[in-house]
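This report refers to the structure that appears directly beneath it.
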Amino acid sequence: MAGGTPRIFVSHLAGIAVFDPNGDQVGRVRDLVVILRVGRKPPRLLGLVVELSTRRRIFLPMTRVTSIESGQVITTGVLNVRRFEQRPTERLVFGELLDRRVRLTDTGEEVTVLDLGAQQRPARREWEVDRVFVRKGRTGTFRRTRGESLTVEWSQVTGFSLEEHGQGAESLLATFEQLRPADLANVLHHLSAKRRAEVAAALDDDRLADVLEELPEDDQIEILGKLKEERAADVLEAMDPDDAADLLADLPEEDKERLLSLMQPADAAEMRRLMSYEEHTAGGLMTTEPIVMRPDSTVADALARVRNPDLSPALAAQVYVCRPPDETPTGKYLGTVHFQRLLRDPPYTLVSSLLDDDLQPLDPEATLPIIAGFFATYDMVAAPVVDETGSLLGAVTVDDVLDHMLPDDWRETEFHLDEDEPAPEKEAGAHGA
């Protein structure tokens, strides 16, 4: 994966070792998990089934894989050790797709699937299975015919994809696949409770986490309550920490404590820290995962972090320079470097020489009007939150401020202009012709 997006053939991953960033082996690949899509769209590769030394099989999302090369898989080091459970919309590559009989669309000839090729889509960081290695001829119990082998596009075979008819959650989910999380949240909000639960159960953890963040509080609680507790904890871990803490705070005390006990200890501690602040304060609104850089980091280092497509535009707008430790709460906060400044200086420049240290950070107890005034006064999209000891606790982004200042029913508003409705005329001289 490093240095480009090469295609991998899944058969090469069978049984290879999985390592953490320190080079310690954590397990071996036993299968791959994909989600099929309607029609001839290539399936998404969701992750790997990894067998630990204890023989337990766990799920490793592709978002936590940093490298696949030289016969090994390198991870971010963050593993969820709960036992892997296959969901209704998921398919196992080795267990269900290889050795399957499918047909070539151009000739109708039946062929056997020998291997699948997958490639990462850089723009979205998603992996897709886009190639199929097949053999012509039939393989039987007593007779094996060695026919021609060839590699074809996924769209050139039939016998894999979901049928387009029917109203099952799989087909409904495929219809919603291209929607942004906010738009999918709006669709879910207007579904029946039964259908909403079916779609939520079919979404993968990261997608469901993104959608939950966009839903009204009542819908969040309803959906979370219908998930198995272990999966609910997984989804909370995948959410932005501030949104997850807000959702947990709305649950009954018994349910909240039970879910916290199922979360990874570090994530649970982070949730408890965020819930210790009042909801409409900087501490209650902040995310605890801004971009933190050490003083000896370079502009190139900072830009590499900014490029992370999982970051919101607001969080990617600036980096916060702090002394170690790098995780919040950090060591002493030194200042902020804005993205535009990073673009103007040579890659080897130290970020500590580019600090905007005149801007007063927010106190964790700062109230919503103070935070809103800060953003309006300084034209900022994110602001650091620093405690009395000078440690960076997190960052508040403008979208979180707006979310808490708008009316409770703002999500019901339609933001699409009616094309048949004429645009309002500009007032004379309003913006200057």
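Going by the structure tokens order, chains are called A, B, ..., each with residues numbered from 1, while ligands are numbered from 1 in the order shown.
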
Quick check for you: according to DSSP on this backbone, which residues of segment 214-376 of chain A are classed as strand (DSSP E)? Reply as a list in words.
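Here is the list: Val292, Met293, Gln318, Val319, Tyr320, Val321, Cys322, Tyr333, Leu334, Gly335, Thr336, Val337 and His338 of chain A.
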
Mind running segment 334-378 of chain A against segment 274-297 of chain A at 6 Å and telling me each contacting residue's nearest atom pair with the distance in Å (one decimal), counting only C-alpha atoms, chain and number ascending, as CSV?
residue,atom,partner,partner_atom,distance
A:Leu350,CA,A:Ser297,CA,5.7
A:Val351,CA,A:Ser297,CA,6.0
A:Ser352,CA,A:Pro295,CA,4.8
A:Pro364,CA,A:Gly283,CA,4.3
A:Glu365,CA,A:Thr281,CA,5.4
A:Ala366,CA,A:Thr281,CA,5.3
A:Thr367,CA,A:Thr281,CA,4.5
A:Leu368,CA,A:His280,CA,5.7

Students should find that atom CA of Gln25 of chain A and atom CA of Val50 of chain A are spaced 11.3 Å

Please identify which residues in segment 131-300 of chain A DSSP calls alpha helix (DSSP H) from the backbone, and express them as a PyMOL selection string.
chain A and resi 169-175+181-189+193-202+205-212+217-226+229-238+241-249+253-262+265-275+282-285+299-300

For the atom pair atom CA of Ser192 of chain A and atom CA of Glu85 of chain A, what is the interatomic distance in Å to one decimal place?
26.4 Å

Need to verify the contact set: Glu126 of chain A, 9 Å, only C-alpha atoms, exclusion of same-chain residues closer than 3 positions in sequence. Can you return it as a PDB file with N, CA, C and O atoms, in the first residue's frame?
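Contents of out_6.pdb, freshly written:
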ATOM      1  N   ARG A  44     -17.402  -3.895  -1.598  1.00  0.00           N
ATOM      2  CA  ARG A  44     -16.432  -3.246  -0.720  1.00  0.00           C
ATOM      3  C   ARG A  44     -15.747  -4.290   0.149  1.00  0.00           C
ATOM      4  O   ARG A  44     -16.395  -5.200   0.669  1.00  0.00           O
ATOM      5  N   LEU A  45     -14.434  -4.155   0.293  1.00  0.00           N
ATOM      6  CA  LEU A  45     -13.662  -4.991   1.209  1.00  0.00           C
ATOM      7  C   LEU A  45     -13.658  -4.287   2.560  1.00  0.00           C
ATOM      8  O   LEU A  45     -13.046  -3.230   2.714  1.00  0.00           O
ATOM      9  N   LEU A  46     -14.350  -4.848   3.524  1.00  0.00           N
ATOM     10  CA  LEU A  46     -14.504  -4.202   4.824  1.00  0.00           C
ATOM     11  C   LEU A  46     -13.315  -4.429   5.746  1.00  0.00           C
ATOM     12  O   LEU A  46     -12.909  -3.534   6.486  1.00  0.00           O
ATOM     13  N   MET A  62     -10.290  -2.532   7.449  1.00  0.00           N
ATOM     14  CA  MET A  62      -9.247  -2.075   6.536  1.00  0.00           C
ATOM     15  C   MET A  62      -8.749  -0.683   6.908  1.00  0.00           C
ATOM     16  O   MET A  62      -7.620  -0.314   6.573  1.00  0.00           O
ATOM     17  N   THR A  63      -9.561   0.085   7.600  1.00  0.00           N
ATOM     18  CA  THR A  63      -9.127   1.417   8.029  1.00  0.00           C
ATOM     19  C   THR A  63      -8.015   1.331   9.070  1.00  0.00           C
ATOM     20  O   THR A  63      -7.367   2.347   9.348  1.00  0.00           O
ATOM     21  N   GLN A 119      -8.378  -3.443  -4.738  1.00  0.00           N
ATOM     22  CA  GLN A 119      -7.563  -2.245  -4.836  1.00  0.00           C
ATOM     23  C   GLN A 119      -8.203  -1.134  -4.015  1.00  0.00           C
ATOM     24  O   GLN A 119      -9.427  -1.029  -3.924  1.00  0.00           O
ATOM     25  N   GLN A 120      -7.362  -0.302  -3.430  1.00  0.00           N
ATOM     26  CA  GLN A 120      -7.853   0.813  -2.631  1.00  0.00           C
ATOM     27  C   GLN A 120      -8.173   1.998  -3.524  1.00  0.00           C
ATOM     28  O   GLN A 120      -7.433   2.314  -4.446  1.00  0.00           O
ATOM     29  N   ARG A 121      -9.304   2.637  -3.246  1.00  0.00           N
ATOM     30  CA  ARG A 121      -9.670   3.855  -3.959  1.00  0.00           C
ATOM     31  C   ARG A 121      -9.134   5.035  -3.155  1.00  0.00           C
ATOM     32  O   ARG A 121      -9.659   5.353  -2.077  1.00  0.00           O
ATOM     33  N   PRO A 122      -8.079   5.691  -3.622  1.00  0.00           N
ATOM     34  CA  PRO A 122      -7.406   6.716  -2.817  1.00  0.00           C
ATOM     35  C   PRO A 122      -8.321   7.847  -2.377  1.00  0.00           C
ATOM     36  O   PRO A 122      -8.196   8.367  -1.278  1.00  0.00           O
ATOM     37  N   ALA A 123      -9.255   8.247  -3.242  1.00  0.00           N
ATOM     38  CA  ALA A 123     -10.091   9.402  -2.922  1.00  0.00           C
ATOM     39  C   ALA A 123     -10.961   9.155  -1.701  1.00  0.00           C
ATOM     40  O   ALA A 123     -11.263  10.066  -0.938  1.00  0.00           O
TER      41      ALA A 123
END

Selected residue of minimal separation from Pro325 of chain A among A:Leu92, A:Val398, A:Leu393, A:Leu48, counting only C-alpha atoms
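Among the listed residues, the smallest separation from Pro325 of chain A belongs to A:Leu393.
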
Nearby residues (only C-alpha atoms) at most 8 Å from Val93 of chain A, same-chain spacing under 5 positions excluded, as a list in words
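Here the qualifying residues turn out to be Asp31, Leu32, Val33, Val34 and Leu98 of chain A.
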
If you count only C-alpha atoms, the residue of A:Thr349, A:Ala266, A:Leu260, A:Ser391 closest to Asp301 of chain A turns out to be A:Thr349

Can you pull out every residue within 9 Å of Ile221 of chain A, counting only C-alpha atoms, but drop anything in the same chain fewer than 4 positions away, and send it as a short mmCIF file (atom, residue, chain, number, x, y, z; two decimals) with N, CA, C and O atoms, in the first residue's frame?
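Result went into result-v1.cif, see below:
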data_model
loop_
_atom_site.label_atom_id
_atom_site.label_comp_id
_atom_site.auth_asym_id
_atom_site.auth_seq_id
_atom_site.Cartn_x
_atom_site.Cartn_y
_atom_site.Cartn_z
N PRO A 216 -31.04 12.96 15.18
CA PRO A 216 -31.55 13.55 16.42
C PRO A 216 -31.35 12.60 17.60
O PRO A 216 -31.22 11.38 17.42
N GLU A 217 -31.35 13.15 18.78
CA GLU A 217 -31.07 12.38 19.99
C GLU A 217 -31.99 11.18 20.17
O GLU A 217 -31.54 10.08 20.50
N GLY A 225 -30.19 1.29 21.23
CA GLY A 225 -30.86 0.35 22.12
C GLY A 225 -31.24 -0.96 21.45
O GLY A 225 -31.49 -1.97 22.13
N LYS A 226 -31.31 -0.97 20.12
CA LYS A 226 -31.69 -2.18 19.39
C LYS A 226 -30.48 -2.99 18.92
O LYS A 226 -30.64 -4.04 18.31
N LEU A 247 -24.01 11.19 23.41
CA LEU A 247 -25.01 10.11 23.33
C LEU A 247 -25.02 9.30 24.63
O LEU A 247 -26.10 8.98 25.17
N LEU A 248 -23.86 8.97 25.14
CA LEU A 248 -23.79 8.22 26.39
C LEU A 248 -24.43 8.99 27.54
O LEU A 248 -25.13 8.42 28.39
N ASP A 250 -26.90 10.84 27.51
CA ASP A 250 -28.36 10.84 27.42
C ASP A 250 -28.97 9.51 27.83
O ASP A 250 -30.20 9.39 27.92
N LEU A 251 -28.16 8.49 28.05
CA LEU A 251 -28.66 7.16 28.40
C LEU A 251 -28.88 7.04 29.90
O LEU A 251 -28.24 7.75 30.70
#

Of the residues A:Leu262, A:Phe19, A:Glu270, A:Leu402, which is the one nearest to Ala245 of chain A, using only C-alpha atoms?
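For Ala245 of chain A, the nearest of the given residues is A:Glu270.
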
With distances taken over only C-alpha atoms, which of A:Cys322, A:Val199, A:Ile16, A:Ala182 is nearest to Glu214 of chain A?
A:Ala182

Counting only C-alpha atoms, the option among A:Phe84, A:Asp106, A:Asn308, A:Gly390 closest to Arg323 of chain A:
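Comparing A:Phe84, A:Asp106, A:Asn308, A:Gly390 against Arg323 of chain A, the winner is A:Gly390.
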
Given only C-alpha atoms as the counted atoms, nearest of A:Arg305, A:His12, A:Arg231, A:Arg40 to Gln86 of chain A
A:Arg231

Who sits within 12 Å of Gly23 of chain A, only C-alpha atoms, same chain under 4 positions skipped, as a PyMOL selection string
chain A and resi 17-19+27+72-77

Rounded to one decimal, what separation in Å do you get between atom CA of Leu334 of chain A and atom CA of Leu311 of chain A?
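It comes out at 22.1 Å.
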